[in-house]
>>> print(open('entry-v7.cif').read())   # mmCIF, C-alpha atoms
data_input
loop_
_atom_site.label_atom_id
_atom_site.label_comp_id
_atom_site.auth_asym_id
_atom_site.auth_seq_id
_atom_site.Cartn_x
_atom_site.Cartn_y
_atom_site.Cartn_z
CA MET A 113 -16.44 -11.76 -40.66
CA LEU A 114 -17.09 -9.83 -37.43
CA ALA A 115 -20.33 -11.74 -36.90
CA ASN A 116 -18.32 -14.95 -36.24
CA MET A 117 -16.02 -13.38 -33.62
CA ASN A 118 -16.76 -13.54 -29.93
CA ALA A 119 -14.81 -12.96 -26.73
CA MET A 120 -13.51 -16.55 -26.62
CA HIS A 121 -10.61 -15.65 -28.92
CA LEU A 122 -9.15 -13.61 -26.02
CA SER A 123 -8.78 -16.68 -23.77
CA ALA A 124 -6.42 -18.30 -26.28
CA ASN A 125 -3.96 -15.41 -26.00
CA LYS A 126 -1.84 -14.82 -22.84
CA ASN A 127 -1.78 -11.09 -23.58
CA TYR A 128 -5.43 -10.92 -22.47
CA GLU A 129 -5.13 -12.76 -19.14
CA VAL A 130 -6.93 -10.66 -16.52
CA GLN A 131 -4.81 -9.49 -13.59
CA ARG A 132 -6.58 -10.59 -10.43
CA SER A 133 -6.72 -8.20 -7.47
CA ASN A 134 -5.91 -10.92 -4.92
CA ASN A 135 -2.60 -12.04 -6.52
CA PHE A 136 -0.26 -9.78 -4.55
CA GLU A 137 1.99 -9.61 -1.53
CA VAL A 138 3.47 -6.66 0.40
CA ILE A 139 6.64 -7.09 2.42
CA PHE A 140 8.21 -4.40 4.64
CA SER A 141 11.77 -4.89 5.83
CA GLY A 142 12.95 -4.10 9.33
CA LEU A 143 9.69 -4.63 11.26
CA SER A 144 9.68 -6.56 14.53
CA GLY A 145 7.48 -9.31 13.10
CA GLY A 146 9.45 -9.95 9.92
CA ASP A 147 7.08 -11.14 7.18
CA THR A 148 4.14 -11.45 9.59
CA LEU A 149 2.34 -8.41 8.16
CA ALA A 150 2.64 -9.89 4.66
CA LEU A 151 0.83 -13.00 5.86
CA ALA A 152 -1.80 -11.01 7.76
CA LEU A 153 -2.50 -8.57 4.92
CA GLU A 154 -6.17 -8.05 4.06
CA SER A 155 -5.90 -5.22 1.52
CA PHE A 156 -3.45 -2.69 0.16
CA PRO A 157 -4.24 -0.04 -2.46
CA ALA A 158 -2.18 0.53 -5.57
CA PRO A 159 -0.12 3.71 -5.26
CA LYS A 160 -1.76 7.00 -6.19
CA GLN A 161 0.48 9.77 -7.43
CA SER A 162 -0.50 13.18 -8.73
CA THR A 163 1.33 16.12 -10.24
CA PRO A 164 -0.67 19.33 -9.87
CA ALA A 165 -0.36 22.01 -12.51
CA VAL A 166 1.41 25.30 -11.93
CA GLU A 167 0.03 28.25 -13.89
CA LEU A 168 2.47 30.73 -15.38
CA ALA A 169 0.97 34.02 -16.49
CA TYR A 170 2.45 35.82 -19.46
CA GLN A 171 0.75 38.87 -20.91
CA ASN A 172 -2.87 37.93 -21.72
CA SER A 173 -2.59 34.16 -21.37
CA LYS A 174 -1.61 31.41 -18.96
CA VAL A 175 0.46 28.31 -19.52
CA LYS A 176 0.39 25.23 -17.30
CA VAL A 177 3.48 23.23 -16.39
CA ALA A 178 4.03 20.32 -14.00
CA GLY A 179 4.38 21.22 -10.34
CA GLN A 180 5.61 19.16 -7.41
CA SER A 181 4.62 15.52 -7.59
CA GLN A 182 2.99 14.05 -4.50
CA LEU A 183 1.97 10.62 -3.23
CA GLU A 184 -1.28 9.97 -1.41
CA ASP A 185 -1.17 8.18 1.92
CA PHE A 186 -2.06 4.46 1.85
CA GLU A 187 -4.49 2.54 4.02
CA MET A 188 -3.02 -0.88 4.65
CA VAL A 189 -5.45 -3.30 6.33
CA VAL A 190 -4.17 -6.36 8.20
CA LYS A 191 -5.91 -9.19 10.06
CA ASP A 192 -5.12 -9.26 13.78
CA PHE A 193 -3.70 -12.73 14.48
CA ILE A 194 -3.34 -13.47 18.19
CA GLY A 195 -0.41 -15.90 18.07
CA ALA A 196 1.64 -13.75 15.67
CA ASP A 197 0.56 -10.64 17.66
CA VAL A 198 0.00 -8.41 14.65
CA GLU A 199 -1.31 -5.66 16.92
CA LEU A 200 2.03 -5.58 18.77
CA ILE A 201 3.95 -5.30 15.46
CA CYS A 202 1.76 -2.36 14.37
CA ASN A 203 2.06 -0.79 17.82
CA ASP A 204 5.87 -1.12 17.81
CA TRP A 205 6.09 0.55 14.41
CA GLN A 206 3.81 3.39 15.50
CA ARG A 207 5.76 3.82 18.78
CA ALA A 208 8.97 4.22 16.75
CA VAL A 209 7.33 7.31 15.20
CA TYR A 210 5.99 8.75 18.47
CA ASN A 211 6.17 7.28 21.95
CA PRO A 212 3.29 8.56 24.12
CA GLN A 213 5.01 7.34 27.32
CA THR A 214 8.07 9.53 26.79
CA GLY A 215 6.55 12.17 24.49
CA GLN A 216 9.46 11.73 22.09
CA VAL A 217 9.38 11.58 18.31
CA GLY A 218 11.69 8.95 16.87
CA PHE A 219 14.41 9.37 14.27
CA ALA A 220 13.26 9.01 10.65
CA ALA A 221 16.08 6.53 10.02
CA GLU A 222 14.49 4.22 12.61
CA TYR A 223 10.77 4.48 11.76
CA LYS A 224 10.84 4.86 7.96
CA LYS A 225 10.71 1.39 6.38
CA ASN A 226 11.10 0.15 2.83
CA GLY A 227 8.83 -2.39 1.27
CA THR A 228 7.89 -4.07 -1.96
CA VAL A 229 4.50 -4.85 -3.48
CA PHE A 230 4.64 -7.95 -5.68
CA GLU A 231 1.89 -8.58 -8.24
CA TYR A 232 1.68 -12.20 -9.40
CA SER A 233 0.15 -13.86 -12.45
CA PRO A 234 -2.14 -16.89 -11.99
CA ASP A 235 0.89 -19.23 -12.28
CA GLY A 236 2.76 -17.36 -9.49
CA SER A 237 5.31 -15.55 -11.61
CA ILE A 238 5.96 -11.89 -10.81
CA VAL A 239 4.13 -9.55 -13.19
CA ARG A 240 5.32 -6.26 -11.70
CA THR A 241 6.72 -4.76 -8.52
CA TRP A 242 6.31 -1.49 -6.66
CA LYS A 243 9.26 -0.46 -4.46
CA ILE A 244 8.04 1.59 -1.51
CA GLU A 245 10.62 3.81 0.17
CA GLY A 246 10.33 5.67 3.46
CA ALA A 247 6.94 4.37 4.65
CA TRP A 248 5.76 5.05 8.18
CA PRO A 249 2.42 4.88 9.99
CA ASN A 250 0.88 8.27 10.67
CA ASN A 251 -2.36 6.71 11.93
CA VAL A 252 -3.26 3.28 13.29
CA ASP A 253 -6.86 2.18 13.84
CA TYR A 254 -6.94 -0.99 15.93
CA GLY A 255 -10.52 -1.83 14.94
CA SER A 256 -13.45 -2.22 17.27
CA PHE A 257 -15.02 -4.72 19.61
CA ASP A 258 -18.63 -5.79 19.04
CA TYR A 259 -20.61 -8.44 20.96
CA ASN A 260 -23.02 -8.73 18.02
CA ASN A 261 -20.34 -9.60 15.47
CA SER A 262 -17.88 -12.49 15.30
CA ASP A 263 -16.05 -11.32 12.18
CA LYS A 264 -12.25 -11.08 12.06
CA LYS A 265 -10.65 -8.07 13.76
CA LEU A 266 -8.89 -5.76 11.31
CA ILE A 267 -6.22 -3.13 11.91
CA THR A 268 -6.02 -0.21 9.49
CA MET A 269 -2.72 1.62 9.19
CA THR A 270 -2.47 4.86 7.24
CA LEU A 271 1.04 5.02 5.82
CA SER A 272 2.89 8.08 4.58
CA VAL A 273 5.31 7.21 1.80
CA GLY A 274 8.41 9.02 0.58
CA ARG A 275 8.80 7.48 -2.86
CA ILE A 276 7.49 4.70 -5.08
CA VAL A 277 9.39 3.15 -7.96
CA THR A 278 7.64 0.73 -10.29
CA GLY A 279 9.40 -2.10 -12.08
CA LYS A 280 9.30 -5.75 -12.95
#
>>> encode(input="entry-v7.cif", output="structure tokens")
Amino acid sequence: MLANMNAMHLSANKNYEVQRSNNFEVIFSGLSGGDTLALALESFPAPKQSTPAVELAYQNSKVKVAGQSQLEDFEMVVKDFIGADVELICNDWQRAVYNPQTGQVGFAAEYKKNGTVFEYSPDGSIVRTWKIEGAWPNNVDYGSFDYNNSDKKLITMTLSVGRIVTGK
């Protein structure tokens, strides 16, 4: 019986539809450009969370228990559109964290933004969501200029994140 089976039986079952990596959208609320960054988005990694072990010694042995959970920083990459001025939106967000003209650090309530990652199925329905809370840019790389290259200019923002909640 197994000799007659092949992978085609998977395509007849919606449970085995492959999630595509380009069916997503990320929207941050409260930025100067509104949904502009969502439209300019080039790439965004799925959240990475780890919970390191804490060792507890007792007599001649050690036991491991969960320690403090932590989120890795994200690298969000956006295309720099001239008309929408994506660079200005990124710059404004970074300046809310630290303003080099005044030397002042902003208030967390003003620079921390919430966002949502939406993953879509091929028909456009939402498969799952990731709620991002307290995101702020701790590094912005505005790309480079190169006379030998006419590729699109990309801006890479490293975001620190307070919390991520997954859902549907």
>>> residues_near_point(input="entry-v7.cif", point="(0.7, 2.8, 8.6)", cutoff="12 Å", atoms="only C-alpha atoms", output="PDB file with C-alpha atoms, keeping the file's coordinate frame")
ATOM      1  CA  PHE A 140       8.210  -4.400   4.640  1.00  0.00           C
ATOM      2  CA  LEU A 143       9.690  -4.630  11.260  1.00  0.00           C
ATOM      3  CA  LEU A 149       2.340  -8.410   8.160  1.00  0.00           C
ATOM      4  CA  PHE A 156      -3.450  -2.690   0.160  1.00  0.00           C
ATOM      5  CA  ASP A 185      -1.170   8.180   1.920  1.00  0.00           C
ATOM      6  CA  PHE A 186      -2.060   4.460   1.850  1.00  0.00           C
ATOM      7  CA  GLU A 187      -4.490   2.540   4.020  1.00  0.00           C
ATOM      8  CA  MET A 188      -3.020  -0.880   4.650  1.00  0.00           C
ATOM      9  CA  VAL A 189      -5.450  -3.300   6.330  1.00  0.00           C
ATOM     10  CA  VAL A 190      -4.170  -6.360   8.200  1.00  0.00           C
ATOM     11  CA  ILE A 201       3.950  -5.300  15.460  1.00  0.00           C
ATOM     12  CA  CYS A 202       1.760  -2.360  14.370  1.00  0.00           C
ATOM     13  CA  ASN A 203       2.060  -0.790  17.820  1.00  0.00           C
ATOM     14  CA  ASP A 204       5.870  -1.120  17.810  1.00  0.00           C
ATOM     15  CA  TRP A 205       6.090   0.550  14.410  1.00  0.00           C
ATOM     16  CA  GLN A 206       3.810   3.390  15.500  1.00  0.00           C
ATOM     17  CA  ARG A 207       5.760   3.820  18.780  1.00  0.00           C
ATOM     18  CA  ALA A 208       8.970   4.220  16.750  1.00  0.00           C
ATOM     19  CA  VAL A 209       7.330   7.310  15.200  1.00  0.00           C
ATOM     20  CA  TYR A 223      10.770   4.480  11.760  1.00  0.00           C
ATOM     21  CA  LYS A 224      10.840   4.860   7.960  1.00  0.00           C
ATOM     22  CA  LYS A 225      10.710   1.390   6.380  1.00  0.00           C
ATOM     23  CA  GLY A 246      10.330   5.670   3.460  1.00  0.00           C
ATOM     24  CA  ALA A 247       6.940   4.370   4.650  1.00  0.00           C
ATOM     25  CA  TRP A 248       5.760   5.050   8.180  1.00  0.00           C
ATOM     26  CA  PRO A 249       2.420   4.880   9.990  1.00  0.00           C
ATOM     27  CA  ASN A 250       0.880   8.270  10.670  1.00  0.00           C
ATOM     28  CA  ASN A 251      -2.360   6.710  11.930  1.00  0.00           C
ATOM     29  CA  VAL A 252      -3.260   3.280  13.290  1.00  0.00           C
ATOM     30  CA  ASP A 253      -6.860   2.180  13.840  1.00  0.00           C
ATOM     31  CA  TYR A 254      -6.940  -0.990  15.930  1.00  0.00           C
ATOM     32  CA  ILE A 267      -6.220  -3.130  11.910  1.00  0.00           C
ATOM     33  CA  THR A 268      -6.020  -0.210   9.490  1.00  0.00           C
ATOM     34  CA  MET A 269      -2.720   1.620   9.190  1.00  0.00           C
ATOM     35  CA  THR A 270      -2.470   4.860   7.240  1.00  0.00           C
ATOM     36  CA  LEU A 271       1.040   5.020   5.820  1.00  0.00           C
ATOM     37  CA  SER A 272       2.890   8.080   4.580  1.00  0.00           C
ATOM     38  CA  VAL A 273       5.310   7.210   1.800  1.00  0.00           C
TER      39      VAL A 273
END
>>> residues_around(input="entry-v7.cif", residues="Ile238 (chain A)", least_positions_apart="6", cutoff="10 Å", atoms="only C-alpha atoms", output="list in words")
Asn135, Phe136, Phe230, Glu231, Tyr232 and Lys280 of chain A
>>> atom_distance(input="entry-v7.cif", atom1="CA of Val277 (chain A)", atom2="CA of Asn226 (chain A)")
11.3 Å
>>> atom_distance(input="entry-v7.cif", atom1="CA of Asn260 (chain A)", atom2="CA of Leu153 (chain A)")
24.3 Å
>>> resolve_selection(input="entry-v7.cif", expression="the PyMOL selection byres ((chain A and resi 229) around 10)", output="mmCIF file with C-alpha atoms, in the coordinates of the input")
data_model
loop_
_atom_site.group_PDB
_atom_site.id
_atom_site.type_symbol
_atom_site.label_atom_id
_atom_site.label_comp_id
_atom_site.auth_asym_id
_atom_site.auth_seq_id
_atom_site.Cartn_x
_atom_site.Cartn_y
_atom_site.Cartn_z
ATOM 1 C CA PHE A 136 -0.260 -9.780 -4.550
ATOM 2 C CA GLU A 137 1.990 -9.610 -1.530
ATOM 3 C CA VAL A 138 3.470 -6.660 0.400
ATOM 4 C CA ILE A 139 6.640 -7.090 2.420
ATOM 5 C CA PHE A 140 8.210 -4.400 4.640
ATOM 6 C CA ALA A 150 2.640 -9.890 4.660
ATOM 7 C CA PHE A 156 -3.450 -2.690 0.160
ATOM 8 C CA ALA A 158 -2.180 0.530 -5.570
ATOM 9 C CA PRO A 159 -0.120 3.710 -5.260
ATOM 10 C CA GLY A 227 8.830 -2.390 1.270
ATOM 11 C CA THR A 228 7.890 -4.070 -1.960
ATOM 12 C CA PHE A 230 4.640 -7.950 -5.680
ATOM 13 C CA GLU A 231 1.890 -8.580 -8.240
ATOM 14 C CA TYR A 232 1.680 -12.200 -9.400
ATOM 15 C CA ARG A 240 5.320 -6.260 -11.700
ATOM 16 C CA THR A 241 6.720 -4.760 -8.520
ATOM 17 C CA TRP A 242 6.310 -1.490 -6.660
ATOM 18 C CA LYS A 243 9.260 -0.460 -4.460
ATOM 19 C CA ILE A 244 8.040 1.590 -1.510
ATOM 20 C CA THR A 278 7.640 0.730 -10.290
#
>>> atom_distance(input="entry-v7.cif", atom1="CA of Ser181 (chain A)", atom2="CA of Ser162 (chain A)")
5.7 Å
>>> closest_residue(input="entry-v7.cif", among="A:Glu184, A:Glu245, A:Glu199, A:Glu129", to="Arg275 (chain A)", atoms="only C-alpha atoms")
A:Glu245
>>> axis_aligned_box(input="entry-v7.cif", around="region 259-272 of chain A", padding_each_side="4 Å", output="lines of an AutoDock Vina configuration file")
center_x = -10.1
center_y = -2.2
center_z = 12.8
size_x = 33.9
size_y = 28.6
size_z = 24.4
>>> closest_residue(input="entry-v7.cif", among="A:Phe219, A:Gly195, A:Leu151, A:Gln180", to="Pro164 (chain A)", atoms="all atoms listed in the file")
A:Gln180
>>> closest_residue(input="entry-v7.cif", among="A:Ile194, A:Lys174, A:Ser133, A:Asn127", to="Ser155 (chain A)", atoms="all atoms listed in the file")
A:Ser133
>>> closest_residue(input="entry-v7.cif", among="A:Leu200, A:Ile276, A:Thr163, A:Ser233", to="Arg132 (chain A)", atoms="only C-alpha atoms")
A:Ser233
